[in-house]
$ cat entry20.pdb   # PDB, C-alpha atoms
MODEL        1
ATOM      1  CA  HIS F   1      22.005  36.558 -17.096  1.00  0.00           C
ATOM      2  CA  ASN F   2      24.014  33.377 -17.573  1.00  0.00           C
ATOM      3  CA  MET F   3      27.143  35.485 -18.207  1.00  0.00           C
ATOM      4  CA  ASP F   4      26.625  37.140 -14.830  1.00  0.00           C
ATOM      5  CA  LEU F   5      26.613  33.680 -13.252  1.00  0.00           C
ATOM      6  CA  VAL F   6      29.843  32.792 -15.062  1.00  0.00           C
ATOM      7  CA  ASN F   7      31.481  35.943 -13.756  1.00  0.00           C
ATOM      8  CA  LEU F   8      30.184  35.264 -10.247  1.00  0.00           C
ATOM      9  CA  ALA F   9      31.526  31.717 -10.327  1.00  0.00           C
ATOM     10  CA  ASN F  10      34.949  33.000 -11.429  1.00  0.00           C
ATOM     11  CA  THR F  11      35.242  35.865  -8.973  1.00  0.00           C
ATOM     12  CA  ASN F  12      33.407  34.861  -5.779  1.00  0.00           C
ATOM     13  CA  GLN F  13      34.765  31.671  -4.262  1.00  0.00           C
ATOM     14  CA  SER F  14      32.092  31.494  -1.563  1.00  0.00           C
ATOM     15  CA  LEU F  15      29.319  31.456  -4.188  1.00  0.00           C
ATOM     16  CA  LYS F  16      31.194  29.547  -6.883  1.00  0.00           C
ATOM     17  CA  ASN F  17      29.458  26.214  -6.331  1.00  0.00           C
ATOM     18  CA  LEU F  18      25.980  27.747  -6.160  1.00  0.00           C
ATOM     19  CA  ALA F  19      26.523  29.925  -9.235  1.00  0.00           C
ATOM     20  CA  SER F  20      27.826  26.937 -11.197  1.00  0.00           C
ATOM     21  CA  LEU F  21      24.791  24.853 -10.264  1.00  0.00           C
ATOM     22  CA  VAL F  22      22.338  27.618 -11.173  1.00  0.00           C
ATOM     23  CA  LEU F  23      24.101  28.063 -14.527  1.00  0.00           C
ATOM     24  CA  ALA F  24      23.942  24.299 -15.169  1.00  0.00           C
ATOM     25  CA  TYR F  25      20.256  24.294 -14.255  1.00  0.00           C
ATOM     26  CA  ASN F  26      19.497  27.137 -16.686  1.00  0.00           C
ATOM     27  CA  ILE F  27      21.312  25.368 -19.520  1.00  0.00           C
ATOM     28  CA  THR F  28      19.727  21.943 -18.977  1.00  0.00           C
ATOM     29  CA  LYS F  29      16.272  23.465 -18.532  1.00  0.00           C
ATOM     30  CA  ALA F  30      16.613  25.533 -21.712  1.00  0.00           C
ATOM     31  CA  ASN F  31      17.579  22.427 -23.662  1.00  0.00           C
ATOM     32  CA  GLY F  32      14.669  20.345 -22.398  1.00  0.00           C
ATOM     33  CA  LEU F  33      16.798  18.033 -20.249  1.00  0.00           C
ATOM     34  CA  GLU F  34      14.145  17.821 -17.558  1.00  0.00           C
ATOM     35  CA  SER F  35      15.583  14.902 -15.605  1.00  0.00           C
ATOM     36  CA  SER F  36      19.013  16.512 -15.316  1.00  0.00           C
ATOM     37  CA  ALA F  37      17.460  19.875 -14.482  1.00  0.00           C
ATOM     38  CA  ILE F  38      15.462  18.344 -11.636  1.00  0.00           C
ATOM     39  CA  ASN F  39      18.551  16.680 -10.175  1.00  0.00           C
ATOM     40  CA  ILE F  40      20.497  19.943 -10.323  1.00  0.00           C
ATOM     41  CA  HIS F  41      17.573  21.831  -8.792  1.00  0.00           C
ATOM     42  CA  ASN F  42      17.520  19.402  -5.887  1.00  0.00           C
ATOM     43  CA  ARG F  43      21.259  19.920  -5.334  1.00  0.00           C
ATOM     44  CA  ILE F  44      20.748  23.690  -5.295  1.00  0.00           C
ATOM     45  CA  ILE F  45      18.073  23.384  -2.624  1.00  0.00           C
ATOM     46  CA  GLN F  46      20.260  21.037  -0.599  1.00  0.00           C
ATOM     47  CA  LEU F  47      23.133  23.502  -0.850  1.00  0.00           C
ATOM     48  CA  LEU F  48      20.888  26.283   0.409  1.00  0.00           C
ATOM     49  CA  ASN F  49      19.786  23.981   3.249  1.00  0.00           C
ATOM     50  CA  LEU F  50      16.097  24.728   2.724  1.00  0.00           C
ATOM     51  CA  LYS F  51      13.481  23.105   4.940  1.00  0.00           C
ATOM     52  CA  GLY F  52      12.718  19.518   4.014  1.00  0.00           C
ATOM     53  CA  TYR F  53      16.116  18.826   2.496  1.00  0.00           C
ATOM     54  CA  GLU F  54      18.085  17.713   5.529  1.00  0.00           C
ATOM     55  CA  THR F  55      20.603  15.001   4.854  1.00  0.00           C
ATOM     56  CA  GLY F  56      19.811  11.348   5.407  1.00  0.00           C
ATOM     57  CA  LEU F  57      16.238  11.435   4.113  1.00  0.00           C
ATOM     58  CA  LYS F  58      14.998   8.237   2.491  1.00  0.00           C
ATOM     59  CA  PHE F  59      14.523   8.486  -1.257  1.00  0.00           C
ATOM     60  CA  TYR F  60      11.302   7.236  -2.855  1.00  0.00           C
ATOM     61  CA  GLY F  61      10.772   6.299  -6.483  1.00  0.00           C
ATOM     62  CA  THR F  62      12.952   7.957  -9.095  1.00  0.00           C
ATOM     63  CA  GLY F  63      12.747  11.485  -7.740  1.00  0.00           C
ATOM     64  CA  GLU F  64      10.290  12.428 -10.457  1.00  0.00           C
ATOM     65  CA  GLU F  65       6.534  12.046 -10.582  1.00  0.00           C
ATOM     66  CA  THR F  66       5.455   9.626 -13.295  1.00  0.00           C
ATOM     67  CA  GLU F  67       2.242   8.118 -14.623  1.00  0.00           C
ATOM     68  CA  GLU F  68       2.427   5.607 -11.790  1.00  0.00           C
ATOM     69  CA  THR F  69       3.953   7.723  -9.004  1.00  0.00           C
ATOM     70  CA  GLU F  70       2.923  10.928  -7.255  1.00  0.00           C
ATOM     71  CA  TYR F  71       4.340  12.717  -4.229  1.00  0.00           C
ATOM     72  CA  LYS F  72       2.383  14.777  -1.721  1.00  0.00           C
ATOM     73  CA  THR F  73       3.834  16.380   1.386  1.00  0.00           C
ATOM     74  CA  SER F  74       0.599  16.414   3.379  1.00  0.00           C
ATOM     75  CA  PHE F  75      -2.974  15.231   3.772  1.00  0.00           C
ATOM     76  CA  VAL F  76      -3.802  18.272   5.907  1.00  0.00           C
ATOM     77  CA  PHE F  77      -1.930  21.315   4.588  1.00  0.00           C
ATOM     78  CA  ALA F  78      -2.691  22.590   1.083  1.00  0.00           C
ATOM     79  CA  ALA F  79       0.424  23.229  -0.985  1.00  0.00           C
ATOM     80  CA  ASP F  80      -0.841  26.544  -2.368  1.00  0.00           C
ATOM     81  CA  ASP F  81      -2.006  27.868   1.011  1.00  0.00           C
ATOM     82  CA  ASN F  82       0.720  30.000   2.563  1.00  0.00           C
ATOM     83  CA  SER F  83      -1.197  30.697   5.778  1.00  0.00           C
ATOM     84  CA  GLY F  84       0.471  27.786   7.541  1.00  0.00           C
ATOM     85  CA  GLN F  85      -2.922  26.706   8.852  1.00  0.00           C
ATOM     86  CA  PRO F  86      -4.444  23.264   8.283  1.00  0.00           C
ATOM     87  CA  ASN F  87      -6.823  23.121   5.343  1.00  0.00           C
ATOM     88  CA  PRO F  88      -7.818  19.448   5.345  1.00  0.00           C
ATOM     89  CA  GLU F  89     -10.881  19.760   3.085  1.00  0.00           C
ATOM     90  CA  LYS F  90      -8.949  21.505   0.327  1.00  0.00           C
ATOM     91  CA  GLN F  91      -6.038  19.093   0.557  1.00  0.00           C
ATOM     92  CA  LYS F  92      -8.340  16.071   0.670  1.00  0.00           C
ATOM     93  CA  ASP F  93      -9.937  17.310  -2.543  1.00  0.00           C
ATOM     94  CA  GLU F  94      -6.495  17.468  -4.171  1.00  0.00           C
ATOM     95  CA  ILE F  95      -5.574  13.994  -2.915  1.00  0.00           C
ATOM     96  CA  LEU F  96      -8.834  12.487  -4.203  1.00  0.00           C
ATOM     97  CA  LYS F  97      -8.191  13.954  -7.653  1.00  0.00           C
ATOM     98  CA  VAL F  98      -4.812  12.232  -7.666  1.00  0.00           C
ATOM     99  CA  ILE F  99      -6.351   8.954  -6.506  1.00  0.00           C
ATOM    100  CA  ASP F 100      -9.008   9.213  -9.212  1.00  0.00           C
ATOM    101  CA  SER F 101      -6.272   9.717 -11.818  1.00  0.00           C
ATOM    102  CA  PHE F 102      -4.683   6.433 -10.725  1.00  0.00           C
ATOM    103  CA  PHE F 103      -8.033   4.633 -10.792  1.00  0.00           C
ATOM    104  CA  ASN F 104      -8.633   5.838 -14.351  1.00  0.00           C
ATOM    105  CA  SER F 105      -5.188   4.969 -15.659  1.00  0.00           C
ATOM    106  CA  LYS F 106      -2.846   2.106 -14.801  1.00  0.00           C
ATOM    107  CA  GLY F 107      -3.010   2.393 -11.040  1.00  0.00           C
ATOM    108  CA  GLY F 108       0.041   3.510  -9.123  1.00  0.00           C
ATOM    109  CA  THR F 109       1.529   4.650  -5.854  1.00  0.00           C
ATOM    110  CA  LEU F 110       0.791   7.829  -3.924  1.00  0.00           C
ATOM    111  CA  TYR F 111       3.391   8.826  -1.353  1.00  0.00           C
ATOM    112  CA  ILE F 112       2.199  11.214   1.356  1.00  0.00           C
ATOM    113  CA  GLY F 113       5.021  12.840   3.266  1.00  0.00           C
ATOM    114  CA  VAL F 114       7.386  13.002   0.291  1.00  0.00           C
ATOM    115  CA  ASN F 115       8.485  16.192  -1.465  1.00  0.00           C
ATOM    116  CA  ASN F 116       8.623  16.769  -5.213  1.00  0.00           C
ATOM    117  CA  PHE F 117      12.146  15.376  -5.418  1.00  0.00           C
ATOM    118  CA  GLY F 118      11.324  12.043  -3.801  1.00  0.00           C
ATOM    119  CA  ASN F 119      12.725  12.830  -0.352  1.00  0.00           C
ATOM    120  CA  GLY F 120      10.710  11.431   2.534  1.00  0.00           C
ATOM    121  CA  ILE F 121      10.168  14.457   4.781  1.00  0.00           C
ATOM    122  CA  GLY F 122       7.350  12.799   6.747  1.00  0.00           C
ATOM    123  CA  VAL F 123       3.897  13.901   7.869  1.00  0.00           C
ATOM    124  CA  GLU F 124       4.788  14.867  11.427  1.00  0.00           C
ATOM    125  CA  GLU F 125       3.134  18.262  11.038  1.00  0.00           C
ATOM    126  CA  ASP F 126      -0.102  16.534   9.986  1.00  0.00           C
ATOM    127  CA  LEU F 127       0.069  14.129  12.906  1.00  0.00           C
ATOM    128  CA  ASN F 128       0.708  16.933  15.385  1.00  0.00           C
ATOM    129  CA  THR F 129      -2.505  18.761  14.493  1.00  0.00           C
ATOM    130  CA  PRO F 130      -5.616  18.356  16.685  1.00  0.00           C
ATOM    131  CA  LEU F 131      -7.062  16.202  13.898  1.00  0.00           C
ATOM    132  CA  TYR F 132      -4.802  13.314  14.880  1.00  0.00           C
ATOM    133  CA  TYR F 133      -2.819  14.053  18.055  1.00  0.00           C
ATOM    134  CA  GLY F 134      -0.125  11.692  16.816  1.00  0.00           C
ATOM    135  CA  ASP F 135      -2.521   8.814  16.046  1.00  0.00           C
ATOM    136  CA  LYS F 136      -1.054   7.178  12.927  1.00  0.00           C
ATOM    137  CA  GLU F 137      -3.804   4.563  12.694  1.00  0.00           C
ATOM    138  CA  LYS F 138      -6.390   7.339  12.570  1.00  0.00           C
ATOM    139  CA  TYR F 139      -4.353   9.027   9.856  1.00  0.00           C
ATOM    140  CA  VAL F 140      -4.426   5.887   7.707  1.00  0.00           C
ATOM    141  CA  ARG F 141      -8.159   5.482   8.317  1.00  0.00           C
ATOM    142  CA  SER F 142      -8.811   9.064   7.275  1.00  0.00           C
ATOM    143  CA  VAL F 143      -7.414   8.365   3.800  1.00  0.00           C
ATOM    144  CA  VAL F 144      -9.401   5.147   3.461  1.00  0.00           C
ATOM    145  CA  ASP F 145     -12.534   6.872   4.776  1.00  0.00           C
ATOM    146  CA  ALA F 146     -12.121   9.710   2.270  1.00  0.00           C
ATOM    147  CA  ILE F 147     -12.136   7.186  -0.575  1.00  0.00           C
ATOM    148  CA  ALA F 148     -15.044   5.237   0.905  1.00  0.00           C
ATOM    149  CA  LEU F 149     -17.159   8.338   1.497  1.00  0.00           C
ATOM    150  CA  GLU F 150     -16.598   9.547  -2.045  1.00  0.00           C
ATOM    151  CA  TRP F 151     -16.968   6.287  -3.977  1.00  0.00           C
ATOM    152  CA  GLY F 152     -18.246   3.668  -1.519  1.00  0.00           C
ATOM    153  CA  ASN F 153     -16.769   0.950   0.663  1.00  0.00           C
ATOM    154  CA  SER F 154     -16.532  -1.475  -2.250  1.00  0.00           C
ATOM    155  CA  ILE F 155     -14.127   0.789  -4.115  1.00  0.00           C
ATOM    156  CA  ALA F 156     -12.058   1.407  -0.983  1.00  0.00           C
ATOM    157  CA  THR F 157     -11.737  -2.276  -0.110  1.00  0.00           C
ATOM    158  CA  THR F 158     -11.208  -3.529  -3.668  1.00  0.00           C
ATOM    159  CA  TYR F 159      -8.963  -0.958  -5.311  1.00  0.00           C
ATOM    160  CA  ILE F 160      -6.684   0.057  -2.455  1.00  0.00           C
ATOM    161  CA  LYS F 161      -4.053  -2.611  -2.963  1.00  0.00           C
ATOM    162  CA  LYS F 162      -2.074  -1.592   0.108  1.00  0.00           C
ATOM    163  CA  ILE F 163      -1.913   1.342   2.490  1.00  0.00           C
ATOM    164  CA  GLY F 164       0.310   1.975   5.464  1.00  0.00           C
ATOM    165  CA  PHE F 165       3.313   3.811   6.831  1.00  0.00           C
ATOM    166  CA  ASP F 166       6.720   2.791   5.551  1.00  0.00           C
ATOM    167  CA  GLU F 167       7.972   0.557   8.358  1.00  0.00           C
ATOM    168  CA  GLU F 168      11.523   0.637   7.004  1.00  0.00           C
ATOM    169  CA  ASN F 169      11.733   4.387   7.497  1.00  0.00           C
ATOM    170  CA  THR F 170      12.347   4.817  11.210  1.00  0.00           C
ATOM    171  CA  ASP F 171      13.125   8.535  10.966  1.00  0.00           C
ATOM    172  CA  LYS F 172      10.116   9.939   9.107  1.00  0.00           C
ATOM    173  CA  ASP F 173       6.471   8.899   8.872  1.00  0.00           C
ATOM    174  CA  VAL F 174       5.731   8.389   5.181  1.00  0.00           C
ATOM    175  CA  LEU F 175       2.366   6.982   4.112  1.00  0.00           C
ATOM    176  CA  ILE F 176       2.363   4.749   1.026  1.00  0.00           C
ATOM    177  CA  VAL F 177      -0.918   4.204  -0.835  1.00  0.00           C
ATOM    178  CA  GLU F 178      -0.879   1.610  -3.626  1.00  0.00           C
ATOM    179  CA  LEU F 179      -3.892   1.787  -5.940  1.00  0.00           C
ATOM    180  CA  LEU F 180      -5.265  -0.544  -8.593  1.00  0.00           C
ATOM    181  CA  PRO F 181      -6.797   0.607 -11.886  1.00  0.00           C
ATOM    182  CA  ILE F 182     -10.542   0.536 -12.469  1.00  0.00           C
ATOM    183  CA  GLN F 183     -11.075  -0.616 -16.042  1.00  0.00           C
ATOM    184  CA  SER F 184     -14.448   1.067 -16.489  1.00  0.00           C
ATOM    185  CA  GLY F 185     -13.204   4.320 -14.980  1.00  0.00           C
ATOM    186  CA  LEU F 186     -14.606   6.399 -12.156  1.00  0.00           C
ATOM    187  CA  PRO F 187     -15.585  10.078 -12.044  1.00  0.00           C
ATOM    188  CA  TYR F 188     -14.792  12.493  -9.249  1.00  0.00           C
ATOM    189  CA  LYS F 189     -17.340  15.289  -8.894  1.00  0.00           C
ATOM    190  CA  ASN F 190     -18.536  14.654 -12.463  1.00  0.00           C
ATOM    191  CA  GLU F 191     -15.035  14.963 -13.874  1.00  0.00           C
ATOM    192  CA  TRP F 192     -12.548  12.308 -14.903  1.00  0.00           C
ATOM    193  CA  TYR F 193      -8.888  12.471 -13.972  1.00  0.00           C
ATOM    194  CA  VAL F 194      -6.148  10.487 -15.708  1.00  0.00           C
ATOM    195  CA  ARG F 195      -2.351  10.270 -15.543  1.00  0.00           C
ATOM    196  CA  LYS F 196      -0.325  11.941 -18.247  1.00  0.00           C
ATOM    197  CA  ALA F 197       3.255  13.247 -18.284  1.00  0.00           C
ATOM    198  CA  GLY F 198       3.721  12.620 -14.579  1.00  0.00           C
ATOM    199  CA  THR F 199       0.640  14.452 -13.355  1.00  0.00           C
ATOM    200  CA  LYS F 200      -3.155  14.293 -13.268  1.00  0.00           C
ATOM    201  CA  ARG F 201      -5.230  15.602 -16.172  1.00  0.00           C
ATOM    202  CA  ARG F 202      -8.905  16.537 -15.986  1.00  0.00           C
ATOM    203  CA  LEU F 203     -11.260  15.255 -18.696  1.00  0.00           C
ATOM    204  CA  THR F 204     -14.943  15.460 -19.467  1.00  0.00           C
ATOM    205  CA  GLU F 205     -16.850  12.177 -19.755  1.00  0.00           C
ATOM    206  CA  THR F 206     -16.715  12.400 -23.561  1.00  0.00           C
ATOM    207  CA  GLU F 207     -12.979  13.044 -23.487  1.00  0.00           C
ATOM    208  CA  PHE F 208     -12.479  10.167 -21.057  1.00  0.00           C
ATOM    209  CA  ASN F 209     -14.375   7.779 -23.310  1.00  0.00           C
ATOM    210  CA  GLU F 210     -12.118   8.809 -26.185  1.00  0.00           C
ATOM    211  CA  TYR F 211      -9.094   8.387 -23.934  1.00  0.00           C
ATOM    212  CA  GLN F 212     -10.112   4.814 -23.142  1.00  0.00           C
ATOM    213  CA  ILE F 213     -10.441   3.948 -26.837  1.00  0.00           C
ATOM    214  CA  VAL F 214      -6.962   5.243 -27.561  1.00  0.00           C
TER     215      VAL F 214
ENDMDL
END
$ encode --input "entry20.pdb" --output "structure tokens"
Amino acid sequence: HNMDLVNLANTNQSLKNLASLVLAYNITKANGLESSAINIHNRIIQLLNLKGYETGLKFYGTGEETEETEYKTSFVFAADDNSGQPNPEKQKDEILKVIDSFFNSKGGTLYIGVNNFGNGIGVEEDLNTPLYYGDKEKYVRSVVDAIALEWGNSIATTYIKKIGFDEENTDKDVLIVELLPIQSGLPYKNEWYVRKAGTKRRLTETEFNEYQIV
């Protein structure tokens, strides 16, 4: 279908830019140029003016998730739940898996209120739910409490290096959670999560012990 895109770019001026970008994305993706493909994909979404890609958003990290960086848009709404309704327990479970992966690797930074391309879209929708009624301090506490309830106060106070809203971003409320590594490792619900290729990976205890040796 790439030839169709070439023809579209040559014949339809109004869609020329979009068709060219989609063609470039297909080519870079097919050749394993992931970083370039991601940048082109972001430009396509910006061109289409999709929600969360308004201009002027603060950029966090490199725009790609790494072994030491992960982006989440919410602490309340689950990404794979299209109902539009809050699902805090499901999303908390996902967040804790990510946090565990940082604990069991080199540590890192979790951004909440940032989309997959590093744009700070904020957590206003979270804050506007009846869970918080706009209370940002309560929002911060809820993340700390989730860690403390799962692993204990000692873990929460020792291995959260820093947590708070980005004070430099006056347009969007983005929560930044900096986490330290736990050398001995820490399970979450009898499973061990680690960072690999920019995402979390689930391991058994045996696999995690082998991972530590390597």
$ residues_around --input "entry20.pdb" --residues "Glu168 of chain F" --least-positions-apart "4" --cutoff "12 Å" --atoms "only C-alpha atoms" --output "JSON, numbers by chain"
{"F": [58, 59, 60, 120, 164, 172, 173, 174, 175, 176]}
$ closest_residue --input "entry20.pdb" --among "F:Asn26, F:Ser154, F:Thr73, F:Asn104" --to "Glu125 of chain F" --atoms "only C-alpha atoms"
F:Thr73
$ closest_residue --input "entry20.pdb" --among "F:Val114, F:Ala197, F:Val144, F:Val76" --to "Asn128 of chain F" --atoms "all atoms listed in the file"
F:Val76
$ atom_distance --input "entry20.pdb" --atom1 "atom CA of Trp151 of chain F" --atom2 "atom CA of Gly107 of chain F"
16.1 Å
$ resolve_selection --input "entry20.pdb" --expression "the PyMOL selection byres ((chain F and resi 74) around 9)" --output "compact mmCIF listing (two decimals) with C-alpha atoms, in the coordinates of the input"
# COMPACT_ATOMS: atom_id res chain seq x y z
CA LYS F 72 2.38 14.78 -1.72
CA THR F 73 3.83 16.38 1.39
CA PHE F 75 -2.97 15.23 3.77
CA VAL F 76 -3.80 18.27 5.91
CA PHE F 77 -1.93 21.32 4.59
CA ALA F 78 -2.69 22.59 1.08
CA ALA F 79 0.42 23.23 -0.98
CA GLN F 91 -6.04 19.09 0.56
CA ILE F 112 2.20 11.21 1.36
CA GLY F 113 5.02 12.84 3.27
CA VAL F 114 7.39 13.00 0.29
CA GLY F 122 7.35 12.80 6.75
CA VAL F 123 3.90 13.90 7.87
CA GLU F 125 3.13 18.26 11.04
CA ASP F 126 -0.10 16.53 9.99
$ resolve_selection --input "entry20.pdb" --expression "the PyMOL selection byres ((chain F and resi 195) around 8)" --output "list in words"
Glu67, Glu68, Ser101, Phe102, Asn104, Ser105, Tyr193, Val194, Lys196, Ala197, Gly198, Thr199, Lys200 and Arg201 of chain F
$ residues_around --input "entry20.pdb" --residues "Asp100 of chain F" --least-positions-apart "6" --cutoff "12 Å" --atoms "all atoms listed in the file" --output "MDAnalysis selection string"
chainID F and resid 93:94 106:110 146:147 150:151 155:156 159:160 179:182 185:195 199:203
$ write_last_selection --input "entry20.pdb" --atoms "C-alpha atoms" --output "compact mmCIF listing (two decimals), in the frame of the given file"
# COMPACT_ATOMS: atom_id res chain seq x y z
CA ASP F 93 -9.94 17.31 -2.54
CA GLU F 94 -6.50 17.47 -4.17
CA LYS F 106 -2.85 2.11 -14.80
CA GLY F 107 -3.01 2.39 -11.04
CA GLY F 108 0.04 3.51 -9.12
CA THR F 109 1.53 4.65 -5.85
CA LEU F 110 0.79 7.83 -3.92
CA ALA F 146 -12.12 9.71 2.27
CA ILE F 147 -12.14 7.19 -0.57
CA GLU F 150 -16.60 9.55 -2.04
CA TRP F 151 -16.97 6.29 -3.98
CA ILE F 155 -14.13 0.79 -4.12
CA ALA F 156 -12.06 1.41 -0.98
CA TYR F 159 -8.96 -0.96 -5.31
CA ILE F 160 -6.68 0.06 -2.46
CA LEU F 179 -3.89 1.79 -5.94
CA LEU F 180 -5.26 -0.54 -8.59
CA PRO F 181 -6.80 0.61 -11.89
CA ILE F 182 -10.54 0.54 -12.47
CA GLY F 185 -13.20 4.32 -14.98
CA LEU F 186 -14.61 6.40 -12.16
CA PRO F 187 -15.58 10.08 -12.04
CA TYR F 188 -14.79 12.49 -9.25
CA LYS F 189 -17.34 15.29 -8.89
CA ASN F 190 -18.54 14.65 -12.46
CA GLU F 191 -15.04 14.96 -13.87
CA TRP F 192 -12.55 12.31 -14.90
CA TYR F 193 -8.89 12.47 -13.97
CA VAL F 194 -6.15 10.49 -15.71
CA ARG F 195 -2.35 10.27 -15.54
CA THR F 199 0.64 14.45 -13.36
CA LYS F 200 -3.16 14.29 -13.27
CA ARG F 201 -5.23 15.60 -16.17
CA ARG F 202 -8.90 16.54 -15.99
CA LEU F 203 -11.26 15.26 -18.70
$ axis_aligned_box --input "entry20.pdb" --around "segment 23-27 of chain F" --padding-each-side "3 Å" --output "lines of an AutoDock Vina configuration file"
center_x = 21.8
center_y = 26.2
center_z = -16.9
size_x = 10.6
size_y = 9.8
size_z = 11.3
